[in-house]
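> Quick one, structure-v2.cif (mmCIF, C-alpha atoms):
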```
data_query
loop_
_atom_site.group_PDB
_atom_site.id
_atom_site.type_symbol
_atom_site.label_atom_id
_atom_site.label_comp_id
_atom_site.auth_asym_id
_atom_site.auth_seq_id
_atom_site.Cartn_x
_atom_site.Cartn_y
_atom_site.Cartn_z
ATOM 1 C CA MET A 164 -5.385 66.590 18.493
ATOM 2 C CA LEU A 165 -3.971 70.059 17.947
ATOM 3 C CA ALA A 166 -7.079 71.858 16.728
ATOM 4 C CA GLN A 167 -7.887 74.810 14.476
ATOM 5 C CA ARG A 168 -8.927 78.109 16.045
ATOM 6 C CA THR A 169 -11.433 80.834 15.303
ATOM 7 C CA LEU A 170 -13.120 83.684 17.170
ATOM 8 C CA LYS A 171 -15.712 83.139 19.871
ATOM 9 C CA SER A 172 -17.729 86.220 18.840
ATOM 10 C CA LEU A 173 -17.522 89.040 16.323
ATOM 11 C CA THR A 174 -15.672 92.279 16.943
ATOM 12 C CA LYS A 175 -15.432 95.583 15.058
ATOM 13 C CA ALA A 176 -12.947 98.376 14.426
ATOM 14 C CA VAL A 177 -13.028 101.725 12.606
ATOM 15 C CA GLY A 178 -10.003 103.595 11.272
ATOM 16 C CA VAL A 179 -8.325 105.041 8.184
ATOM 17 C CA GLY A 180 -6.168 103.420 5.544
ATOM 18 C CA LEU A 181 -2.459 104.314 5.752
ATOM 19 C CA HIS A 182 -2.107 104.927 2.033
ATOM 20 C CA SER A 183 -5.666 105.790 0.947
ATOM 21 C CA GLY A 184 -6.595 107.957 3.934
ATOM 22 C CA GLN A 185 -10.130 106.542 3.586
ATOM 23 C CA ARG A 186 -12.360 105.788 6.565
ATOM 24 C CA VAL A 187 -12.925 102.045 6.810
ATOM 25 C CA GLU A 188 -14.875 99.691 9.062
ATOM 26 C CA LEU A 189 -13.771 96.141 9.854
ATOM 27 C CA THR A 190 -15.993 93.393 11.219
ATOM 28 C CA LEU A 191 -14.087 90.281 12.286
ATOM 29 C CA ARG A 192 -16.307 87.186 12.417
ATOM 30 C CA PRO A 193 -15.905 83.540 13.426
ATOM 31 C CA ALA A 194 -15.514 81.128 10.491
ATOM 32 C CA ALA A 195 -16.033 77.390 10.040
ATOM 33 C CA PRO A 196 -13.118 74.921 10.093
ATOM 34 C CA ASP A 197 -10.951 74.911 6.943
ATOM 35 C CA THR A 198 -12.282 78.317 5.843
ATOM 36 C CA GLY A 199 -8.941 80.022 6.270
ATOM 37 C CA ILE A 200 -8.867 83.820 6.414
ATOM 38 C CA VAL A 201 -11.228 85.491 3.946
ATOM 39 C CA PHE A 202 -11.668 89.218 3.311
ATOM 40 C CA ARG A 203 -15.134 90.272 2.119
ATOM 41 C CA ARG A 204 -15.619 93.631 0.379
ATOM 42 C CA VAL A 205 -19.094 94.457 1.698
ATOM 43 C CA ASP A 206 -19.068 97.987 0.224
ATOM 44 C CA LEU A 207 -19.405 96.749 -3.367
ATOM 45 C CA PRO A 208 -22.796 96.365 -5.115
ATOM 46 C CA GLU A 209 -22.300 92.600 -4.825
ATOM 47 C CA PRO A 210 -20.051 91.585 -1.909
ATOM 48 C CA VAL A 211 -16.845 89.867 -3.079
ATOM 49 C CA ASP A 212 -14.921 87.272 -1.053
ATOM 50 C CA ILE A 213 -11.125 87.315 -1.364
ATOM 51 C CA PRO A 214 -9.579 84.220 0.263
ATOM 52 C CA VAL A 215 -6.038 84.776 1.502
ATOM 53 C CA ASN A 216 -3.398 82.737 -0.347
ATOM 54 C CA ALA A 217 -0.017 83.374 -1.954
ATOM 55 C CA GLN A 218 -1.465 83.505 -5.483
ATOM 56 C CA ALA A 219 -4.036 86.131 -4.429
ATOM 57 C CA VAL A 220 -1.258 88.691 -3.843
ATOM 58 C CA THR A 221 -1.275 91.111 -6.784
ATOM 59 C CA ASP A 222 0.675 94.128 -5.495
ATOM 60 C CA THR A 223 3.552 94.415 -3.006
ATOM 61 C CA ARG A 224 4.482 98.096 -3.278
ATOM 62 C CA LEU A 225 4.849 99.267 0.348
ATOM 63 C CA ALA A 226 2.198 96.750 1.489
ATOM 64 C CA SER A 227 0.643 93.373 0.634
ATOM 65 C CA THR A 228 -2.465 93.564 -1.551
ATOM 66 C CA ILE A 229 -4.788 90.674 -2.406
ATOM 67 C CA SER A 230 -7.328 90.631 -5.220
ATOM 68 C CA SER A 231 -10.173 88.637 -6.702
ATOM 69 C CA GLY A 232 -11.428 89.847 -10.057
ATOM 70 C CA GLY A 233 -11.540 93.620 -9.768
ATOM 71 C CA ALA A 234 -11.903 93.646 -5.976
ATOM 72 C CA LYS A 235 -8.823 94.408 -3.872
ATOM 73 C CA VAL A 236 -7.794 94.746 -0.254
ATOM 74 C CA HIS A 237 -4.559 96.605 0.499
ATOM 75 C CA THR A 238 -2.252 96.514 3.534
ATOM 76 C CA ILE A 239 -3.376 93.203 5.031
ATOM 77 C CA GLU A 240 -0.016 92.326 6.633
ATOM 78 C CA HIS A 241 -0.530 93.747 10.151
ATOM 79 C CA LEU A 242 -3.851 91.942 10.656
ATOM 80 C CA MET A 243 -2.363 88.778 9.159
ATOM 81 C CA SER A 244 0.593 89.093 11.533
ATOM 82 C CA ALA A 245 -1.750 89.245 14.522
ATOM 83 C CA CYS A 246 -3.539 86.118 13.266
ATOM 84 C CA ALA A 247 -0.202 84.343 12.898
ATOM 85 C CA GLY A 248 0.982 85.411 16.336
ATOM 86 C CA LEU A 249 -2.239 84.213 17.993
ATOM 87 C CA GLY A 250 -2.532 81.011 15.953
ATOM 88 C CA LEU A 251 -5.891 81.954 14.407
ATOM 89 C CA ASP A 252 -6.788 79.683 11.471
ATOM 90 C CA ASN A 253 -10.285 80.710 10.381
ATOM 91 C CA LEU A 254 -11.664 84.250 10.140
ATOM 92 C CA MET A 255 -14.087 86.279 8.038
ATOM 93 C CA VAL A 256 -13.088 89.920 7.633
ATOM 94 C CA ASP A 257 -15.872 92.205 6.398
ATOM 95 C CA ILE A 258 -14.353 95.448 5.122
ATOM 96 C CA THR A 259 -16.061 98.614 3.821
ATOM 97 C CA ALA A 260 -13.175 99.982 1.696
ATOM 98 C CA GLU A 261 -10.166 98.670 -0.164
ATOM 99 C CA GLU A 262 -7.563 99.124 2.594
ATOM 100 C CA VAL A 263 -7.290 97.645 6.086
ATOM 101 C CA PRO A 264 -7.160 100.462 8.685
ATOM 102 C CA ILE A 265 -3.669 101.249 9.934
ATOM 103 C CA LEU A 266 -4.889 101.906 13.529
ATOM 104 C CA ASP A 267 -1.689 102.618 15.518
ATOM 105 C CA GLY A 268 0.721 101.362 12.840
ATOM 106 C CA SER A 269 1.438 98.040 14.538
ATOM 107 C CA SER A 270 -0.536 94.827 15.037
ATOM 108 C CA ALA A 271 -1.208 95.495 18.740
ATOM 109 C CA SER A 272 -4.728 96.831 18.149
ATOM 110 C CA PHE A 273 -5.606 93.767 16.068
ATOM 111 C CA VAL A 274 -4.244 91.479 18.798
ATOM 112 C CA TYR A 275 -6.414 93.316 21.328
ATOM 113 C CA LEU A 276 -9.510 93.050 19.106
ATOM 114 C CA LEU A 277 -9.027 89.338 18.460
ATOM 115 C CA GLN A 278 -8.345 88.503 22.085
ATOM 116 C CA SER A 279 -11.309 90.607 23.228
ATOM 117 C CA ALA A 280 -13.596 88.597 20.939
ATOM 118 C CA GLY A 281 -12.167 85.401 22.417
ATOM 119 C CA ILE A 282 -10.313 82.614 20.613
ATOM 120 C CA VAL A 283 -11.751 79.087 20.642
ATOM 121 C CA THR A 284 -10.646 75.710 19.328
ATOM 122 C CA GLN A 285 -12.629 73.852 16.672
ATOM 123 C CA ASN A 286 -13.270 70.188 15.967
ATOM 124 C CA ALA A 287 -10.772 69.944 13.111
ATOM 125 C CA PRO A 288 -7.003 69.322 13.014
ATOM 126 C CA LYS A 289 -4.719 72.338 12.644
ATOM 127 C CA ARG A 290 -2.665 71.898 9.466
ATOM 128 C CA PHE A 291 0.864 73.194 9.034
ATOM 129 C CA ILE A 292 3.172 73.607 6.064
ATOM 130 C CA ARG A 293 6.411 71.963 7.170
ATOM 131 C CA VAL A 294 9.469 72.988 5.161
ATOM 132 C CA THR A 295 11.575 69.906 4.368
ATOM 133 C CA ARG A 296 14.546 71.485 2.555
ATOM 134 C CA PRO A 297 15.939 75.021 2.151
ATOM 135 C CA VAL A 298 14.278 77.427 -0.286
ATOM 136 C CA GLU A 299 15.815 80.823 -1.015
ATOM 137 C CA VAL A 300 15.199 83.865 -3.212
ATOM 138 C CA ARG A 301 17.852 86.521 -3.904
ATOM 139 C CA GLU A 302 18.002 89.825 -5.733
ATOM 140 C CA GLY A 303 20.770 92.282 -6.579
ATOM 141 C CA GLU A 304 24.462 92.281 -5.758
ATOM 142 C CA GLY A 305 26.805 94.191 -3.478
ATOM 143 C CA ARG A 306 25.076 97.074 -1.687
ATOM 144 C CA SER A 307 21.784 96.289 -3.428
ATOM 145 C CA LEU A 308 21.748 92.632 -2.332
ATOM 146 C CA LYS A 309 18.630 91.336 -0.576
ATOM 147 C CA TRP A 310 17.536 87.778 0.147
ATOM 148 C CA ALA A 311 15.106 85.616 2.108
ATOM 149 C CA ARG A 312 15.276 81.934 3.019
ATOM 150 C CA LEU A 313 13.154 79.176 4.591
ATOM 151 C CA GLU A 314 14.842 76.160 6.172
ATOM 152 C CA PRO A 315 13.587 73.080 8.053
ATOM 153 C CA TYR A 316 12.906 73.734 11.753
ATOM 154 C CA HIS A 317 10.640 72.020 14.299
ATOM 155 C CA GLY A 318 8.832 75.220 15.200
ATOM 156 C CA TYR A 319 8.685 78.737 13.804
ATOM 157 C CA LYS A 320 11.667 81.063 14.079
ATOM 158 C CA LEU A 321 12.342 84.336 12.249
ATOM 159 C CA SER A 322 15.591 86.266 11.919
ATOM 160 C CA PHE A 323 15.658 89.604 10.103
ATOM 161 C CA GLU A 324 18.493 92.035 9.394
ATOM 162 C CA ILE A 325 17.825 95.544 8.120
ATOM 163 C CA GLU A 326 20.358 98.022 6.731
ATOM 164 C CA PHE A 327 19.358 101.670 7.065
ATOM 165 C CA ASP A 328 22.142 104.248 7.115
ATOM 166 C CA HIS A 329 20.350 106.628 9.466
ATOM 167 C CA PRO A 330 21.476 107.840 12.906
ATOM 168 C CA ALA A 331 18.221 106.865 14.628
ATOM 169 C CA VAL A 332 18.293 103.350 13.175
ATOM 170 C CA ASN A 333 22.040 102.885 13.618
ATOM 171 C CA SER A 334 21.645 103.528 17.343
ATOM 172 C CA THR A 335 19.253 100.565 17.639
ATOM 173 C CA GLY A 336 19.609 96.909 16.725
ATOM 174 C CA GLN A 337 19.507 96.240 12.990
ATOM 175 C CA ARG A 338 19.021 92.493 13.497
ATOM 176 C CA VAL A 339 16.291 90.698 15.475
ATOM 177 C CA GLU A 340 15.477 87.035 16.037
ATOM 178 C CA PHE A 341 12.111 85.813 17.341
ATOM 179 C CA ASP A 342 11.098 82.236 18.108
ATOM 180 C CA LEU A 343 7.370 81.626 18.527
ATOM 181 C CA GLY A 344 8.124 78.692 20.804
ATOM 182 C CA SER A 345 10.043 80.638 23.444
ATOM 183 C CA GLY A 346 8.935 84.229 22.813
ATOM 184 C CA ASN A 347 5.715 86.160 23.414
ATOM 185 C CA TYR A 348 4.397 87.712 20.197
ATOM 186 C CA SER A 349 1.956 90.099 21.905
ATOM 187 C CA ARG A 350 4.595 91.495 24.228
ATOM 188 C CA GLU A 351 7.749 91.348 22.088
ATOM 189 C CA ILE A 352 6.658 91.971 18.472
ATOM 190 C CA ALA A 353 3.052 93.194 18.149
ATOM 191 C CA ARG A 354 3.638 96.791 19.303
ATOM 192 C CA ALA A 355 6.364 97.559 16.725
ATOM 193 C CA ARG A 356 5.122 100.293 14.376
ATOM 194 C CA THR A 357 5.702 100.928 10.709
ATOM 195 C CA PHE A 358 8.228 103.695 10.017
ATOM 196 C CA GLY A 359 9.106 106.225 7.380
ATOM 197 C CA PHE A 360 11.177 109.294 6.568
ATOM 198 C CA THR A 361 9.940 112.855 6.091
ATOM 199 C CA ARG A 362 12.030 113.108 2.902
ATOM 200 C CA ASP A 363 9.906 110.327 1.359
ATOM 201 C CA VAL A 364 6.480 111.568 2.454
ATOM 202 C CA GLU A 365 6.052 114.259 -0.224
ATOM 203 C CA MET A 366 7.078 111.845 -2.984
ATOM 204 C CA MET A 367 4.726 109.143 -1.672
ATOM 205 C CA ARG A 368 1.777 111.507 -1.378
ATOM 206 C CA SER A 369 2.332 112.726 -4.923
ATOM 207 C CA HIS A 370 1.756 109.096 -5.946
ATOM 208 C CA GLY A 371 -1.396 108.793 -3.821
ATOM 209 C CA LEU A 372 0.349 106.917 -0.983
ATOM 210 C CA ALA A 373 0.708 107.559 2.781
ATOM 211 C CA LEU A 374 -2.348 109.851 2.703
ATOM 212 C CA GLY A 375 -3.463 108.539 6.101
ATOM 213 C CA GLY A 376 -0.028 108.406 7.726
ATOM 214 C CA GLY A 377 1.131 110.526 10.644
ATOM 215 C CA LEU A 378 2.832 110.566 14.021
ATOM 216 C CA ASP A 379 -0.089 108.729 15.623
ATOM 217 C CA ASN A 380 0.293 105.643 13.403
ATOM 218 C CA ALA A 381 3.953 105.495 12.365
ATOM 219 C CA ILE A 382 7.482 106.226 13.510
ATOM 220 C CA VAL A 383 8.525 109.303 11.512
ATOM 221 C CA MET A 384 12.153 110.399 11.137
ATOM 222 C CA ASP A 385 13.843 113.432 9.644
ATOM 223 C CA ASP A 386 17.483 113.209 8.556
ATOM 224 C CA VAL A 387 18.811 112.731 12.082
ATOM 225 C CA LYS A 388 16.185 111.767 14.641
ATOM 226 C CA VAL A 389 12.807 110.239 15.516
ATOM 227 C CA LEU A 390 10.116 112.946 15.550
ATOM 228 C CA ASN A 391 7.553 111.100 17.692
ATOM 229 C CA ALA A 392 7.329 112.785 21.096
ATOM 230 C CA ASP A 393 7.170 109.466 22.956
ATOM 231 C CA GLY A 394 10.145 107.967 21.115
ATOM 232 C CA LEU A 395 10.369 104.228 20.442
ATOM 233 C CA ARG A 396 8.332 101.443 22.021
ATOM 234 C CA TYR A 397 11.246 98.978 21.770
ATOM 235 C CA GLY A 398 14.945 99.716 21.579
ATOM 236 C CA ASP A 399 15.008 97.723 18.321
ATOM 237 C CA GLU A 400 11.538 98.687 17.064
ATOM 238 C CA PHE A 401 12.632 99.150 13.433
ATOM 239 C CA ALA A 402 13.903 95.590 13.024
ATOM 240 C CA LYS A 403 11.025 94.203 15.077
ATOM 241 C CA HIS A 404 8.522 95.791 12.718
ATOM 242 C CA LYS A 405 10.189 93.925 9.861
ATOM 243 C CA ILE A 406 9.642 90.667 11.798
ATOM 244 C CA LEU A 407 5.997 91.705 12.325
ATOM 245 C CA ASP A 408 5.571 92.360 8.587
ATOM 246 C CA ALA A 409 7.288 89.103 7.637
ATOM 247 C CA MET A 410 5.003 87.082 9.915
ATOM 248 C CA GLY A 411 1.999 88.677 8.210
ATOM 249 C CA ASP A 412 3.371 88.257 4.692
ATOM 250 C CA LEU A 413 4.269 84.597 5.271
ATOM 251 C CA TYR A 414 0.903 83.761 6.854
ATOM 252 C CA ILE A 415 -0.657 84.651 3.515
ATOM 253 C CA VAL A 416 0.383 81.117 2.442
ATOM 254 C CA GLY A 417 -2.813 79.974 4.192
ATOM 255 C CA LYS A 418 -1.384 77.782 6.968
ATOM 256 C CA PRO A 419 1.177 78.275 9.728
ATOM 257 C CA LEU A 420 4.725 77.429 8.706
ATOM 258 C CA LEU A 421 7.056 75.037 10.490
ATOM 259 C CA ALA A 422 10.323 76.594 9.377
ATOM 260 C CA ALA A 423 13.193 78.942 10.149
ATOM 261 C CA TYR A 424 12.916 82.175 8.153
ATOM 262 C CA THR A 425 16.046 84.277 7.664
ATOM 263 C CA ALA A 426 16.123 87.500 5.664
ATOM 264 C CA PHE A 427 18.382 90.399 4.781
ATOM 265 C CA ARG A 428 16.712 93.616 3.573
ATOM 266 C CA SER A 429 13.652 91.672 2.416
ATOM 267 C CA GLY A 430 10.208 93.207 2.029
ATOM 268 C CA HIS A 431 6.652 92.414 0.981
ATOM 269 C CA ALA A 432 7.612 91.569 -2.613
ATOM 270 C CA MET A 433 10.460 89.226 -1.715
ATOM 271 C CA ASN A 434 8.425 87.547 1.045
ATOM 272 C CA ASN A 435 5.736 86.715 -1.502
ATOM 273 C CA GLN A 436 8.365 85.522 -4.004
ATOM 274 C CA LEU A 437 9.670 83.205 -1.280
ATOM 275 C CA LEU A 438 6.200 81.725 -0.687
ATOM 276 C CA ARG A 439 5.685 81.178 -4.413
ATOM 277 C CA ALA A 440 9.140 79.579 -4.730
ATOM 278 C CA LEU A 441 8.242 77.209 -1.888
ATOM 279 C CA LEU A 442 4.886 76.244 -3.404
ATOM 280 C CA ASP A 443 6.522 75.721 -6.819
ATOM 281 C CA GLN A 444 8.702 72.962 -5.309
ATOM 282 C CA PRO A 445 6.396 70.241 -3.935
ATOM 283 C CA ASP A 446 9.381 68.279 -2.617
ATOM 284 C CA ALA A 447 10.349 71.223 -0.374
ATOM 285 C CA PHE A 448 7.356 70.990 1.970
ATOM 286 C CA GLU A 449 4.617 68.756 3.339
ATOM 287 C CA VAL A 450 1.284 69.446 5.040
ATOM 288 C CA VAL A 451 1.141 67.942 8.531
ATOM 289 C CA SER A 452 -1.075 67.890 11.615
ATOM 290 C CA PHE A 453 -0.522 66.590 15.143
ATOM 291 C CA GLU A 454 -2.755 63.978 16.763
ATOM 292 C CA ARG A 455 -1.434 64.920 20.201
ATOM 293 C CA ASP A 456 -0.649 68.388 21.484
ATOM 294 C CA ARG A 457 2.646 67.231 22.957
ATOM 295 C CA GLU A 458 3.916 66.248 19.498
ATOM 296 C CA ALA A 459 3.582 69.826 18.257
ATOM 297 C CA PRO A 460 6.466 72.305 18.531
ATOM 298 C CA ALA A 461 6.562 74.504 21.608
ATOM 299 C CA GLY A 462 4.285 77.521 21.442
ATOM 300 C CA PHE A 463 1.626 76.053 19.161
ATOM 301 C CA ALA A 464 -0.445 73.946 21.556
ATOM 302 C CA GLN A 465 -1.318 76.730 24.017
ATOM 303 C CA LEU A 466 -3.773 79.493 23.277
ATOM 304 C CA ALA A 467 -1.858 82.765 23.339
ATOM 305 C CA PRO A 468 -2.232 84.511 26.703
ATOM 306 C CA ALA A 469 -3.905 87.895 26.971
ATOM 307 C CA TRP A 470 -1.784 91.017 27.476
#
```
Starting from the coordinates I provided, produce the structure as structure tokens.


Amino acid sequence: MLAQRTLKSLTKAVGVGLHSGQRVELTLRPAAPDTGIVFRRVDLPEPVDIPVNAQAVTDTRLASTISSGGAKVHTIEHLMSACAGLGLDNLMVDITAEEVPILDGSSASFVYLLQSAGIVTQNAPKRFIRVTRPVEVREGEGRSLKWARLEPYHGYKLSFEIEFDHPAVNSTGQRVEFDLGSGNYSREIARARTFGFTRDVEMMRSHGLALGGGLDNAIVMDDVKVLNADGLRYGDEFAKHKILDAMGDLYIVGKPLLAAYTAFRSGHAMNNQLLRALLDQPDAFEVVSFERDREAPAGFAQLAPAW
């Protein structure tokens, strides 16, 4: 059978939160079959477990936040994206503050951590959410239009189009497609960093956001150019980061999707709306597993290769 996956051993990371600027420690631990991905706030007087699922998302301003009671964890999407890209089903994430560390602004460091710990199969079938008919969410009209859609597909494919009227972005691709079956997540998507504009930084910091952001963990642009000395990691890094974010946001549903995702100017909020719209329509999906590896779509049966 196509089996669930977890870590072979625990691994740790230390960093700062992008928005909070707080120092935070992560301990990533193996978890039993059917656990899913669970964040545990170990800094609280009584540790609180926050299982990842679409209903646990309580804030989508500039990041995806999950909550349980009064306990929160912000900015989970880059770690979730790495889990999606590596096919990791079960994981315990001990965290000592309320925001996942930004590390280098991409999911590459999380991929490295997870692969260094080792990924192993478990004696339980891997379960997928297979989309059986199109589901779409839309917002706005004309220049403010944005939308996201899931359609049936025997595999997992994402297509994202951005629309930033900025010289540095205009000179790169504003549309990217990635198919998990034929592509390599670690090489093609994971290194794409979050990005922002200097004109927005002062406003964000006045609202207590982006306090931990800088040139070492984000692409930063003024009105005309990229300010990072080393430039871009990919020619189309801006659009690729949106694919990275979408993979993380969609993995919050709790199981890997078998679907084609297409989006135009979507973000964390709309991605979560799309998941909730899917779950609200039981005839639009089914939960499936594969008794034989060869029955699964390409890219799911093999453990992801190291860098």

> Between atom CA of A:Val298 and atom CA of A:Ser244, what is the distance, to one decimal in Å?

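Between atom CA of A:Val298 and atom CA of A:Ser244 the gap is 21.5 Å.
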
> Report, in Å to a single decimal, how far apart atom CA of A:Phe291 and atom CA of A:Arg455 are.

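Atom CA of A:Phe291 lies 14.1 Å from atom CA of A:Arg455.
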
> Can you list every residue of stretch 309-360 of chain A that has an atom at most 8 Å from stretch 245-248 of chain A, with its nearest atom pair and the distance in Å to one decimal, using only C-alpha atoms, ordered by chain then number, as JSON lines?


```
{"residue": "A:Leu343", "atom": "CA", "partner": "A:Gly248", "partner_atom": "CA", "distance": 7.7}
{"residue": "A:Tyr348", "atom": "CA", "partner": "A:Gly248", "partner_atom": "CA", "distance": 5.6}
{"residue": "A:Ser349", "atom": "CA", "partner": "A:Gly248", "partner_atom": "CA", "distance": 7.3}
{"residue": "A:Ala353", "atom": "CA", "partner": "A:Ala245", "partner_atom": "CA", "distance": 7.2}
```

> Using all atoms listed in the file, which of A:Leu420, A:Ala194, A:Met243, A:Met255 sits nearest A:Tyr316?

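Checking each of A:Leu420, A:Ala194, A:Met243, A:Met255 against A:Tyr316, counting all atoms listed in the file, the winner is A:Leu420.
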
> What is the atom CA of A:Asp222 to atom CA of A:Glu314 distance in Å?

25.7 Å

> Please write the residues picked by the PyMOL selection byres ((chain A and resi 361-370) around 8) on this file as number ranges by chain.

A: 359-360, 371-374, 383-386

> Within 6 Å of A:Asp456, counting all atoms listed in the file, which residues show up once you throw out same-chain ones fewer than 2 positions away? Write them as a PyMOL selection string, please.

chain A and resi 164-165+458-459+464

> What does the PyMOL selection byres ((chain A and resi 199) around 8) select in this file, as a ChimeraX atom specification?

/A:194,196-198,200-201,214-215,252-254,417-418

> So that I have them on file, write out the residues from the current selection with C-alpha atoms, as an mmCIF file, keeping the file's coordinate frame.


```cif
data_model
loop_
_atom_site.group_PDB
_atom_site.id
_atom_site.type_symbol
_atom_site.label_atom_id
_atom_site.label_comp_id
_atom_site.auth_asym_id
_atom_site.auth_seq_id
_atom_site.Cartn_x
_atom_site.Cartn_y
_atom_site.Cartn_z
ATOM 1 C CA ALA A 194 -15.514 81.128 10.491
ATOM 2 C CA PRO A 196 -13.118 74.921 10.093
ATOM 3 C CA ASP A 197 -10.951 74.911 6.943
ATOM 4 C CA THR A 198 -12.282 78.317 5.843
ATOM 5 C CA ILE A 200 -8.867 83.820 6.414
ATOM 6 C CA VAL A 201 -11.228 85.491 3.946
ATOM 7 C CA PRO A 214 -9.579 84.220 0.263
ATOM 8 C CA VAL A 215 -6.038 84.776 1.502
ATOM 9 C CA ASP A 252 -6.788 79.683 11.471
ATOM 10 C CA ASN A 253 -10.285 80.710 10.381
ATOM 11 C CA LEU A 254 -11.664 84.250 10.140
ATOM 12 C CA GLY A 417 -2.813 79.974 4.192
ATOM 13 C CA LYS A 418 -1.384 77.782 6.968
#
```

> Near A:Asp408, counting all atoms listed in the file, which residues have an atom at most 6 Å away, once you skip same-chain residues fewer than 3 positions from it, shown as a PyMOL selection string?

chain A and resi 240+405+411

> Neighbours of A:Ala271 within 12 Å (all atoms listed in the file; same-chain residues fewer than 4 positions away dropped), as a count of residues only?

31

> Starting from the PyMOL selection byres ((chain A and resi 435) around 10), expand the selection into actual residues of this file and give them as an MDAnalysis selection string.

chainID A and resid 217:218 220:223 227 409 412:413 415:416 430:434 436:441

> With distances taken over all atoms listed in the file, which residue among A:Lys320, A:His182, A:Lys388, A:Lys175 lies nearest A:Gly462?

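Smallest separation from A:Gly462 among the options: A:Lys320.
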
> Using only C-alpha atoms, which of the listed residues (A:Thr284, A:Phe427, A:Leu321, A:Gly268) sits closest to A:Ala381?

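Among the listed residues, the smallest separation from A:Ala381 belongs to A:Gly268.
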
> With distances taken over all atoms listed in the file, which of A:Val274, A:Leu207, A:Ala219, A:Leu225 is nearest to A:Glu261?

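Smallest distance to A:Glu261 is found for A:Leu207.
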
> Rank A:Val339, A:Val256, A:Ala423, A:Ala461 by their smallest atom-to-atom distance to A:Val294, using only C-alpha atoms, and report the top residue only.

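Going through A:Val339, A:Val256, A:Ala423, A:Ala461 one by one, the smallest distance to A:Val294 is for A:Ala423.
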
> Which one of A:Leu191, A:Leu181, A:Ala422, A:Val283 sits closest to A:Ala226 if you count all atoms listed in the file?

A:Leu181
